[in-house]
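Dumped entry-v3.cif below, it's mmCIF, N, CA and C atoms:
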```
data_entry
#
loop_
_atom_site.label_atom_id
_atom_site.label_comp_id
_atom_site.auth_asym_id
_atom_site.auth_seq_id
_atom_site.Cartn_x
_atom_site.Cartn_y
_atom_site.Cartn_z
N MET A 67 130.79 119.29 93.02
CA MET A 67 130.39 117.98 92.52
C MET A 67 129.14 118.16 91.67
N SER A 68 129.21 117.66 90.44
CA SER A 68 128.02 117.73 89.60
C SER A 68 127.09 116.59 89.98
N LYS A 69 125.84 116.81 89.69
CA LYS A 69 124.83 115.82 90.06
C LYS A 69 124.03 115.44 88.83
N ALA A 70 123.57 114.22 88.80
CA ALA A 70 122.71 113.74 87.73
C ALA A 70 121.52 113.05 88.37
N SER A 71 120.40 113.13 87.73
CA SER A 71 119.23 112.44 88.26
C SER A 71 119.00 111.16 87.48
N TYR A 72 118.37 110.22 88.16
CA TYR A 72 118.07 108.93 87.56
C TYR A 72 116.76 108.44 88.16
N PRO A 73 115.76 108.16 87.32
CA PRO A 73 114.49 107.65 87.87
C PRO A 73 114.69 106.22 88.36
N LEU A 74 114.45 106.03 89.62
CA LEU A 74 114.71 104.74 90.25
C LEU A 74 113.40 104.09 90.67
N LYS A 75 113.17 102.89 90.21
CA LYS A 75 111.97 102.16 90.61
C LYS A 75 112.40 101.05 91.56
N LEU A 76 111.83 101.05 92.74
CA LEU A 76 112.15 100.07 93.77
C LEU A 76 110.90 99.30 94.15
N PRO A 77 111.06 98.05 94.54
CA PRO A 77 109.91 97.36 95.14
C PRO A 77 109.49 98.14 96.39
N ALA A 78 108.21 98.16 96.66
CA ALA A 78 107.69 98.94 97.78
C ALA A 78 108.36 98.54 99.10
N SER A 79 108.61 97.25 99.28
CA SER A 79 109.22 96.80 100.54
C SER A 79 110.65 97.31 100.69
N VAL A 80 111.38 97.38 99.58
CA VAL A 80 112.77 97.89 99.63
C VAL A 80 112.75 99.38 99.92
N LYS A 81 111.84 100.11 99.27
CA LYS A 81 111.75 101.55 99.51
C LYS A 81 111.35 101.83 100.95
N ALA A 82 110.43 101.06 101.48
CA ALA A 82 110.00 101.27 102.86
C ALA A 82 111.15 101.01 103.84
N ALA A 83 111.91 99.95 103.61
CA ALA A 83 113.05 99.65 104.48
C ALA A 83 114.11 100.73 104.37
N ALA A 84 114.40 101.19 103.16
CA ALA A 84 115.38 102.25 102.96
C ALA A 84 114.92 103.54 103.63
N ALA A 85 113.65 103.86 103.50
CA ALA A 85 113.11 105.08 104.13
C ALA A 85 113.22 104.99 105.64
N ARG A 86 112.92 103.83 106.19
CA ARG A 86 113.02 103.64 107.64
C ARG A 86 114.46 103.82 108.11
N LEU A 87 115.40 103.22 107.40
CA LEU A 87 116.81 103.33 107.77
C LEU A 87 117.32 104.76 107.60
N ALA A 88 116.88 105.43 106.55
CA ALA A 88 117.28 106.83 106.35
C ALA A 88 116.77 107.69 107.49
N LYS A 89 115.54 107.46 107.90
CA LYS A 89 114.97 108.22 109.02
C LYS A 89 115.76 107.97 110.30
N GLU A 90 116.12 106.69 110.54
CA GLU A 90 116.91 106.36 111.72
C GLU A 90 118.27 107.05 111.69
N ASP A 91 118.84 107.20 110.48
CA ASP A 91 120.14 107.87 110.33
C ASP A 91 120.01 109.38 110.32
N GLY A 92 118.78 109.88 110.22
CA GLY A 92 118.56 111.32 110.21
C GLY A 92 118.95 111.98 108.90
N VAL A 93 118.81 111.25 107.79
CA VAL A 93 119.12 111.80 106.48
C VAL A 93 117.94 111.57 105.55
N SER A 94 117.97 112.27 104.42
CA SER A 94 116.90 112.06 103.44
C SER A 94 117.06 110.70 102.78
N LEU A 95 115.97 110.22 102.22
CA LEU A 95 116.02 108.95 101.50
C LEU A 95 116.99 109.05 100.32
N ASN A 96 116.97 110.18 99.63
CA ASN A 96 117.87 110.40 98.50
C ASN A 96 119.33 110.29 98.95
N GLN A 97 119.67 110.96 100.05
CA GLN A 97 121.05 110.91 100.54
C GLN A 97 121.42 109.50 100.98
N TRP A 98 120.49 108.82 101.63
CA TRP A 98 120.77 107.46 102.11
C TRP A 98 121.04 106.52 100.94
N ILE A 99 120.22 106.62 99.89
CA ILE A 99 120.41 105.77 98.70
C ILE A 99 121.73 106.12 98.02
N SER A 100 122.07 107.41 97.93
CA SER A 100 123.34 107.82 97.31
C SER A 100 124.53 107.23 98.05
N VAL A 101 124.49 107.28 99.38
CA VAL A 101 125.58 106.72 100.18
C VAL A 101 125.64 105.20 100.02
N ALA A 102 124.49 104.56 100.00
CA ALA A 102 124.46 103.09 99.83
C ALA A 102 125.07 102.69 98.49
N ILE A 103 124.76 103.43 97.45
CA ILE A 103 125.33 103.13 96.13
C ILE A 103 126.84 103.37 96.14
N ALA A 104 127.27 104.47 96.76
CA ALA A 104 128.71 104.76 96.83
C ALA A 104 129.45 103.67 97.60
N GLN A 105 128.84 103.17 98.68
CA GLN A 105 129.47 102.09 99.44
C GLN A 105 129.58 100.82 98.60
N LYS A 106 128.55 100.50 97.85
CA LYS A 106 128.57 99.32 97.00
C LYS A 106 129.64 99.45 95.91
N ILE A 107 129.74 100.62 95.31
CA ILE A 107 130.76 100.85 94.30
C ILE A 107 132.14 100.64 94.91
N GLY A 108 132.37 101.18 96.09
CA GLY A 108 133.65 101.02 96.77
C GLY A 108 133.97 99.56 97.05
N ALA A 109 132.98 98.82 97.51
CA ALA A 109 133.20 97.41 97.82
C ALA A 109 133.53 96.60 96.57
N VAL A 110 132.79 96.83 95.50
CA VAL A 110 133.02 96.09 94.25
C VAL A 110 134.39 96.44 93.66
N GLU A 111 134.72 97.74 93.65
CA GLU A 111 136.01 98.14 93.08
C GLU A 111 137.17 97.64 93.94
N THR A 112 137.01 97.64 95.26
CA THR A 112 138.05 97.13 96.14
C THR A 112 138.27 95.64 95.91
N ALA A 113 137.19 94.88 95.78
CA ALA A 113 137.30 93.44 95.53
C ALA A 113 137.98 93.18 94.19
N ALA A 114 137.59 93.93 93.18
CA ALA A 114 138.19 93.75 91.85
C ALA A 114 139.68 94.07 91.88
N ASP A 115 140.04 95.16 92.56
CA ASP A 115 141.47 95.51 92.66
C ASP A 115 142.25 94.43 93.39
N PHE A 116 141.68 93.91 94.48
CA PHE A 116 142.35 92.85 95.24
C PHE A 116 142.57 91.62 94.37
N LEU A 117 141.53 91.20 93.67
CA LEU A 117 141.63 90.00 92.85
C LEU A 117 142.62 90.19 91.70
N ASN A 118 142.62 91.38 91.12
CA ASN A 118 143.59 91.65 90.04
C ASN A 118 145.02 91.61 90.56
N ARG A 119 145.26 92.19 91.75
CA ARG A 119 146.61 92.14 92.33
C ARG A 119 146.97 90.71 92.67
N ARG A 120 146.02 89.95 93.22
CA ARG A 120 146.28 88.56 93.62
C ARG A 120 146.60 87.70 92.41
N ALA A 121 145.90 87.94 91.31
CA ALA A 121 146.13 87.15 90.10
C ALA A 121 147.47 87.50 89.45
N GLY A 122 147.93 88.72 89.66
CA GLY A 122 149.20 89.13 89.07
C GLY A 122 149.18 88.99 87.56
N SER A 123 150.18 88.32 87.04
CA SER A 123 150.26 88.16 85.59
C SER A 123 149.73 86.80 85.13
N ALA A 124 149.02 86.12 86.03
CA ALA A 124 148.47 84.80 85.68
C ALA A 124 147.47 84.93 84.53
N ARG A 125 147.45 83.90 83.72
CA ARG A 125 146.51 83.83 82.61
C ARG A 125 145.65 82.58 82.80
N PRO A 126 144.48 82.53 82.15
CA PRO A 126 143.63 81.35 82.30
C PRO A 126 144.36 80.04 81.97
N LEU A 127 145.24 80.05 80.97
CA LEU A 127 145.96 78.82 80.61
C LEU A 127 146.88 78.35 81.74
N ASP A 128 147.29 79.26 82.62
CA ASP A 128 148.15 78.88 83.74
C ASP A 128 147.44 77.93 84.70
N MET A 129 146.12 77.89 84.65
CA MET A 129 145.35 77.02 85.55
C MET A 129 145.25 75.57 85.05
N LEU A 130 145.57 75.34 83.80
CA LEU A 130 145.41 74.00 83.23
C LEU A 130 146.15 72.91 84.00
N PRO A 131 147.39 73.10 84.44
CA PRO A 131 148.04 72.04 85.21
C PRO A 131 147.28 71.69 86.50
N PHE A 132 146.72 72.71 87.15
CA PHE A 132 145.95 72.46 88.38
C PHE A 132 144.65 71.73 88.07
N LEU A 133 144.00 72.14 86.99
CA LEU A 133 142.75 71.49 86.61
C LEU A 133 142.99 70.05 86.15
N ASP A 134 144.08 69.82 85.44
CA ASP A 134 144.40 68.46 85.02
C ASP A 134 144.62 67.55 86.23
N ARG A 135 145.32 68.05 87.22
CA ARG A 135 145.59 67.26 88.42
C ARG A 135 144.30 67.03 89.22
N ALA A 136 143.46 68.03 89.29
CA ALA A 136 142.24 67.94 90.09
C ALA A 136 141.27 66.91 89.52
N LYS A 137 141.18 66.80 88.21
CA LYS A 137 140.20 65.89 87.65
C LYS A 137 140.56 64.42 87.86
N ARG A 138 141.80 64.15 88.24
CA ARG A 138 142.18 62.76 88.51
C ARG A 138 141.86 62.35 89.95
N ASP A 139 141.64 63.34 90.80
CA ASP A 139 141.35 63.04 92.20
C ASP A 139 139.90 62.64 92.37
N THR A 140 139.66 61.62 93.15
CA THR A 140 138.31 61.20 93.47
C THR A 140 137.81 62.03 94.65
N PRO A 141 136.62 62.62 94.54
CA PRO A 141 136.11 63.40 95.66
C PRO A 141 135.88 62.51 96.88
N PRO A 142 136.00 63.07 98.08
CA PRO A 142 135.72 62.29 99.28
C PRO A 142 134.26 61.80 99.25
N ALA A 143 134.01 60.69 99.94
CA ALA A 143 132.67 60.09 99.94
C ALA A 143 131.61 61.04 100.50
N ASP A 144 132.00 61.89 101.46
CA ASP A 144 131.01 62.78 102.06
C ASP A 144 130.88 64.11 101.32
N ASP A 145 131.52 64.25 100.16
CA ASP A 145 131.46 65.47 99.38
C ASP A 145 130.31 65.34 98.38
N GLN A 146 129.13 65.77 98.80
CA GLN A 146 127.94 65.63 97.98
C GLN A 146 127.17 66.93 97.97
N LEU A 147 126.46 67.17 96.86
CA LEU A 147 125.57 68.32 96.79
C LEU A 147 124.29 67.98 97.54
N ASP A 148 123.82 68.94 98.27
CA ASP A 148 122.55 68.73 99.01
C ASP A 148 121.38 69.25 98.24
#
```
Write out the structure in this file as structure tokens.
Amino acid sequence: MSKASYPLKLPASVKAAAARLAKEDGVSLNQWISVAIAQKIGAVETAADFLNRRAGSARPLDMLPFLDRAKRDTPPADDQLD
């Protein structure tokens, strides 16, 4: 596996929390951050793949009948922004 370096600037509080968690896991801060980034990449790519499969061949224009119907409905009385 090839490696690349990247200068990373973190807020002090985030770095301190990451360092504490890395120490608890018994790994270096660098390794802990690498794993955290890999987990985030996996989660984002998994979500994107799921949504793409769920959407299938749907196109944005396919939503127009649903949107047209929705705008005629009156929201319930208790449906308010807080």
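Once Arg86 of chain A and its same-chain neighbours fewer than 6 positions away are set aside, Val80, Gly92 and Leu95 of chain A remain within 8 Å of it when counting only N, CA and C atoms.
Between atom CA of Ala84 of chain A and atom CA of Trp98 of chain A the interatomic distance comes to 7.5 Å.
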Using DSSP assignments from the backbone, pull out every residue in chain A that falls under alpha helix (DSSP H) and give it to me as a count of residues only. 48
Quick check, in Å to one decimal: how far apart do atom CA of Ser71 of chain A and atom C of Ile103 of chain A lie? 14.2 Å
Please indicate the distance in Å from atom CA of Ala124 of chain A to atom CA of Gly108 of chain A, rounded to one decimal place.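 Taking atom CA of Ala124 of chain A and atom CA of Gly108 of chain A, their separation equals 24.6 Å.
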List as number ranges by chain the protein and nucleic acid residues near Lys81 of chain A, meaning an atom at most 10 Å away when only C-alpha atoms are counted, but skip any in the same chain fewer than 6 places from it. A: 75, 87, 95, 99
Edge lengths and centre in Å to one decimal, as AutoDock Vina command-line options, of the axis-aligned box that encloses all listed atoms of segment 103-117 of chain A with 8 Å added on every side?
```
--center_x 133.7 --center_y 97.4 --center_z 95.6 --size_x 33.9 --size_y 30.8 --size_z 23.7
```
